[in-house]
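One structure below.
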Amino acid sequence: MSRGDRIQPRSVARLAAVQALYQMEVSGVGVDAVVREFSEHRFDRDVDGPDGDRLAQADETFFAELAKGVVAHQAGIDQAIVKRLASGWKLERLDATARAVLRSGAYELMHRPDVPKEVVIDEYVEIAKSFFEGPESGFINGALDAIARDARS
């Protein structure tokens with residue numbers, strides 16, 4: 001995507017939420033500290049790297065809601081994800097980034113009925129594609145579609 005393309009602030013917030021959830025999992029830092037770090041050091045600043053300009057345009061309120069919402073509802077979210085994994089698979093077997101993508105997407109599907117399920121699924125599949133080159137985006141698409149059927153039927 002070129003610098004001239006308009007990137008939606010909520011799309012950027014979703015990407016940042018996935019990054020924050022990953023960071024929390026691998027570092028053990030709590031949600032409030034991570035939200036504060038993103039707010040103080042990653043948003044509305046010129047950050048080096050391919051996503052620097054994107055994070056400057058994030059919907060920070062939506063980002064914080066996603067990160068805090070996933071943490072607050074993680075047990076139920078994880079149950080919804082595990083229900084849709086192949087028999088015998090455990091959530092811990094998934095890559096930490098894939099877990100973060102699934103958790104954030106599942107949170108929106110389960111707790112944000114104001115956001116159309118197609119938007120949620122499309123957004124998180126695109127995020128998955130930015131992290132993975134293999135079959136992971138297809139897996140995430142299928143899992144989120146199934147979670148959407150469970151949560152919004």
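Identifiers for the structure tokens are assigned positionally: chains receive A, B, ... in sequence, residues are indexed from 1 per chain, and ligands are indexed from 1 in the order shown.
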Would you list the contacts of region 94-109 of chain A as a PDB file with N, CA and C atoms, in the first residue's frame, taking every protein, DNA or RNA residue within 8 Å and counting only C-alpha atoms, but skipping same-chain residues closer than 3 positions in sequence?
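Output saved as result-v7.pdb:
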```
ATOM      1  N   ARG A  14      -7.142  -2.275  14.557  1.00  0.00           N
ATOM      2  CA  ARG A  14      -7.163  -3.748  14.607  1.00  0.00           C
ATOM      3  C   ARG A  14      -5.745  -4.313  14.502  1.00  0.00           C
ATOM      4  N   ALA A  17      -4.048  -3.690  17.723  1.00  0.00           N
ATOM      5  CA  ALA A  17      -4.565  -4.573  18.781  1.00  0.00           C
ATOM      6  C   ALA A  17      -3.924  -5.951  18.680  1.00  0.00           C
ATOM      7  N   VAL A  18      -3.792  -6.463  17.470  1.00  0.00           N
ATOM      8  CA  VAL A  18      -3.133  -7.765  17.282  1.00  0.00           C
ATOM      9  C   VAL A  18      -1.683  -7.672  17.762  1.00  0.00           C
ATOM     10  N   GLN A  19      -1.004  -6.609  17.406  1.00  0.00           N
ATOM     11  CA  GLN A  19       0.382  -6.435  17.847  1.00  0.00           C
ATOM     12  C   GLN A  19       0.454  -6.337  19.371  1.00  0.00           C
ATOM     13  N   LEU A  21      -1.743  -7.558  21.604  1.00  0.00           N
ATOM     14  CA  LEU A  21      -2.059  -8.859  22.205  1.00  0.00           C
ATOM     15  C   LEU A  21      -0.853  -9.800  22.115  1.00  0.00           C
ATOM     16  N   TYR A  22      -0.191  -9.774  20.982  1.00  0.00           N
ATOM     17  CA  TYR A  22       1.025 -10.577  20.825  1.00  0.00           C
ATOM     18  C   TYR A  22       2.077 -10.138  21.846  1.00  0.00           C
ATOM     19  N   GLU A  25       1.308 -11.341  25.301  1.00  0.00           N
ATOM     20  CA  GLU A  25       1.522 -12.777  25.476  1.00  0.00           C
ATOM     21  C   GLU A  25       2.993 -13.125  25.615  1.00  0.00           C
ATOM     22  N   VAL A  26       3.837 -12.557  24.770  1.00  0.00           N
ATOM     23  CA  VAL A  26       5.250 -12.940  24.794  1.00  0.00           C
ATOM     24  C   VAL A  26       6.032 -12.252  25.905  1.00  0.00           C
ATOM     25  N   LEU A  66     -10.580  -2.883  21.973  1.00  0.00           N
ATOM     26  CA  LEU A  66     -10.255  -4.233  21.495  1.00  0.00           C
ATOM     27  C   LEU A  66      -9.295  -4.940  22.454  1.00  0.00           C
ATOM     28  N   ALA A  67      -8.204  -4.285  22.782  1.00  0.00           N
ATOM     29  CA  ALA A  67      -7.200  -4.920  23.640  1.00  0.00           C
ATOM     30  C   ALA A  67      -7.789  -5.261  25.006  1.00  0.00           C
ATOM     31  N   GLY A  69     -10.973  -5.488  25.809  1.00  0.00           N
ATOM     32  CA  GLY A  69     -12.096  -6.409  25.657  1.00  0.00           C
ATOM     33  C   GLY A  69     -11.644  -7.842  25.514  1.00  0.00           C
ATOM     34  N   VAL A  70     -10.590  -8.065  24.747  1.00  0.00           N
ATOM     35  CA  VAL A  70     -10.064  -9.428  24.598  1.00  0.00           C
ATOM     36  C   VAL A  70      -9.605  -9.943  25.957  1.00  0.00           C
ATOM     37  N   HIS A  73     -12.590 -10.746  28.321  1.00  0.00           N
ATOM     38  CA  HIS A  73     -13.449 -11.859  27.886  1.00  0.00           C
ATOM     39  C   HIS A  73     -12.641 -13.052  27.360  1.00  0.00           C
ATOM     40  N   GLN A  74     -11.352 -13.112  27.701  1.00  0.00           N
ATOM     41  CA  GLN A  74     -10.469 -14.094  27.071  1.00  0.00           C
ATOM     42  C   GLN A  74     -10.903 -15.538  27.285  1.00  0.00           C
ATOM     43  N   ILE A  77     -13.688 -16.224  24.852  1.00  0.00           N
ATOM     44  CA  ILE A  77     -13.146 -16.125  23.494  1.00  0.00           C
ATOM     45  C   ILE A  77     -12.332 -17.368  23.167  1.00  0.00           C
ATOM     46  N   ASP A  78     -11.479 -17.769  24.099  1.00  0.00           N
ATOM     47  CA  ASP A  78     -10.654 -18.959  23.865  1.00  0.00           C
ATOM     48  C   ASP A  78     -11.519 -20.207  23.705  1.00  0.00           C
ATOM     49  N   ALA A  80     -14.530 -20.301  22.462  1.00  0.00           N
ATOM     50  CA  ALA A  80     -15.138 -20.213  21.127  1.00  0.00           C
ATOM     51  C   ALA A  80     -14.137 -20.615  20.041  1.00  0.00           C
ATOM     52  N   ILE A  81     -12.883 -20.239  20.215  1.00  0.00           N
ATOM     53  CA  ILE A  81     -11.848 -20.592  19.235  1.00  0.00           C
ATOM     54  C   ILE A  81     -11.565 -22.094  19.286  1.00  0.00           C
ATOM     55  N   LYS A  90      -4.927 -27.939  20.369  1.00  0.00           N
ATOM     56  CA  LYS A  90      -5.026 -27.038  21.510  1.00  0.00           C
ATOM     57  C   LYS A  90      -4.674 -25.635  21.041  1.00  0.00           C
ATOM     58  N   LEU A  91      -5.258 -24.649  21.689  1.00  0.00           N
ATOM     59  CA  LEU A  91      -4.999 -23.254  21.338  1.00  0.00           C
ATOM     60  C   LEU A  91      -3.506 -22.932  21.427  1.00  0.00           C
ATOM     61  N   ARG A 112     -19.197  -7.204  19.626  1.00  0.00           N
ATOM     62  CA  ARG A 112     -19.432  -5.961  18.872  1.00  0.00           C
ATOM     63  C   ARG A 112     -20.416  -6.228  17.734  1.00  0.00           C
ATOM     64  N   PRO A 113     -21.684  -6.480  18.070  1.00  0.00           N
ATOM     65  CA  PRO A 113     -22.663  -6.770  17.024  1.00  0.00           C
ATOM     66  C   PRO A 113     -22.906  -5.593  16.076  1.00  0.00           C
ATOM     67  N   VAL A 115     -20.620  -4.146  14.437  1.00  0.00           N
ATOM     68  CA  VAL A 115     -19.676  -4.271  13.331  1.00  0.00           C
ATOM     69  C   VAL A 115     -20.091  -5.484  12.503  1.00  0.00           C
ATOM     70  N   LYS A 117     -20.265  -8.785  10.434  1.00  0.00           N
ATOM     71  CA  LYS A 117     -19.351  -9.930  10.507  1.00  0.00           C
ATOM     72  C   LYS A 117     -18.437  -9.994   9.290  1.00  0.00           C
ATOM     73  N   VAL A 120     -15.484  -7.729   9.919  1.00  0.00           N
ATOM     74  CA  VAL A 120     -14.567  -8.317  10.903  1.00  0.00           C
ATOM     75  C   VAL A 120     -13.713  -9.396  10.245  1.00  0.00           C
ATOM     76  N   ILE A 121     -14.354 -10.322   9.574  1.00  0.00           N
ATOM     77  CA  ILE A 121     -13.617 -11.434   8.970  1.00  0.00           C
ATOM     78  C   ILE A 121     -12.632 -10.927   7.923  1.00  0.00           C
ATOM     79  N   TYR A 124      -9.525  -9.142   9.573  1.00  0.00           N
ATOM     80  CA  TYR A 124      -8.556 -10.011  10.237  1.00  0.00           C
ATOM     81  C   TYR A 124      -7.875 -10.972   9.272  1.00  0.00           C
ATOM     82  N   ILE A 127      -5.133  -8.853   7.938  1.00  0.00           N
ATOM     83  CA  ILE A 127      -4.066  -8.749   8.941  1.00  0.00           C
ATOM     84  C   ILE A 127      -3.241 -10.032   8.936  1.00  0.00           C
ATOM     85  N   ALA A 128      -3.915 -11.176   8.900  1.00  0.00           N
ATOM     86  CA  ALA A 128      -3.196 -12.455   8.869  1.00  0.00           C
ATOM     87  C   ALA A 128      -2.267 -12.523   7.662  1.00  0.00           C
ATOM     88  N   PHE A 131       1.085 -11.016   8.105  1.00  0.00           N
ATOM     89  CA  PHE A 131       2.026 -11.739   8.956  1.00  0.00           C
ATOM     90  C   PHE A 131       2.439 -13.099   8.392  1.00  0.00           C
ATOM     91  N   GLU A 136      -2.221 -19.953   6.776  1.00  0.00           N
ATOM     92  CA  GLU A 136      -2.798 -19.408   8.003  1.00  0.00           C
ATOM     93  C   GLU A 136      -3.977 -18.480   7.756  1.00  0.00           C
ATOM     94  N   ILE A 140      -7.608 -18.879   9.414  1.00  0.00           N
ATOM     95  CA  ILE A 140      -8.220 -17.806  10.212  1.00  0.00           C
ATOM     96  C   ILE A 140      -9.567 -17.433   9.625  1.00  0.00           C
ATOM     97  N   ALA A 143     -12.008 -20.243  10.642  1.00  0.00           N
ATOM     98  CA  ALA A 143     -12.291 -20.227  12.079  1.00  0.00           C
ATOM     99  C   ALA A 143     -13.187 -19.045  12.443  1.00  0.00           C
ATOM    100  N   LEU A 144     -12.880 -17.858  11.925  1.00  0.00           N
ATOM    101  CA  LEU A 144     -13.700 -16.688  12.250  1.00  0.00           C
ATOM    102  C   LEU A 144     -15.103 -16.808  11.657  1.00  0.00           C
ATOM    103  N   ILE A 147     -16.938 -19.042  14.023  1.00  0.00           N
ATOM    104  CA  ILE A 147     -17.223 -18.324  15.262  1.00  0.00           C
ATOM    105  C   ILE A 147     -18.357 -17.333  15.036  1.00  0.00           C
ATOM    106  N   ALA A 148     -18.371 -16.700  13.881  1.00  0.00           N
ATOM    107  CA  ALA A 148     -19.454 -15.759  13.549  1.00  0.00           C
ATOM    108  C   ALA A 148     -20.798 -16.492  13.508  1.00  0.00           C
ATOM    109  N   ALA A 151     -21.739 -17.169  17.139  1.00  0.00           N
ATOM    110  CA  ALA A 151     -22.024 -15.991  17.954  1.00  0.00           C
ATOM    111  C   ALA A 151     -23.210 -15.180  17.459  1.00  0.00           C
ATOM    112  N   ARG A 152     -23.476 -15.244  16.168  1.00  0.00           N
ATOM    113  CA  ARG A 152     -24.488 -14.345  15.617  1.00  0.00           C
ATOM    114  C   ARG A 152     -25.637 -15.075  14.940  1.00  0.00           C
TER     115      ARG A 152
END
```
(request) Could you tell me, as a ChimeraX atom specification, which residues of region 55-153 of chain A DSSP assigns to alpha helix (DSSP H) when given the backbone? (result) /A:55,60-72,74-83,96-111,117-131,136-151
Please, which residues in region 58-149 of chain A fall within 9 Å of region 27-38 of chain A when counting only C-alpha atoms, and what is the closest atom pair and distance in Å to one decimal for each, ordered by chain then residue number, as a Markdown table?
```
| residue | atom | partner | partner_atom | distance |
| --- | --- | --- | --- | --- |
| A:Glu60 | CA | A:Phe38 | CA | 8.8 |
| A:Phe63 | CA | A:Val35 | CA | 8.1 |
| A:Ala64 | CA | A:Val35 | CA | 6.1 |
| A:Ala67 | CA | A:Val31 | CA | 6.8 |
| A:Lys68 | CA | A:Val31 | CA | 6.3 |
| A:Val71 | CA | A:Val31 | CA | 7.3 |
```
Using only C-alpha atoms, please write the residues we just selected to a file, as a compact mmCIF listing (two decimals), in the first residue's frame.
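Ended up saving to again-v5.txt:
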```txt
# COMPACT_ATOMS: atom_id res chain seq x y z
CA GLU A 60 -7.03 4.84 19.63
CA PHE A 63 -7.77 0.01 19.81
CA ALA A 64 -8.00 0.24 23.60
CA ALA A 67 -7.20 -4.92 23.64
CA LYS A 68 -9.04 -4.54 26.95
CA VAL A 71 -8.39 -9.56 28.01
```
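Interatomic distance, CA of Asp59 (chain A) to CA of Val119 (chain A): 16.0 Å.
Minimum atom-to-atom distances from A:Ala20, A:Glu65, A:Gly142, A:Ser11 to Ala86 (chain A) were compared using only C-alpha atoms, and the lowest value belongs to A:Gly142.
Take CA of His111 (chain A) and CA of Val82 (chain A): the distance between them is 17.5 Å.
The space between CA of Arg84 (chain A) and CA of Gln23 (chain A) spans 24.3 Å.
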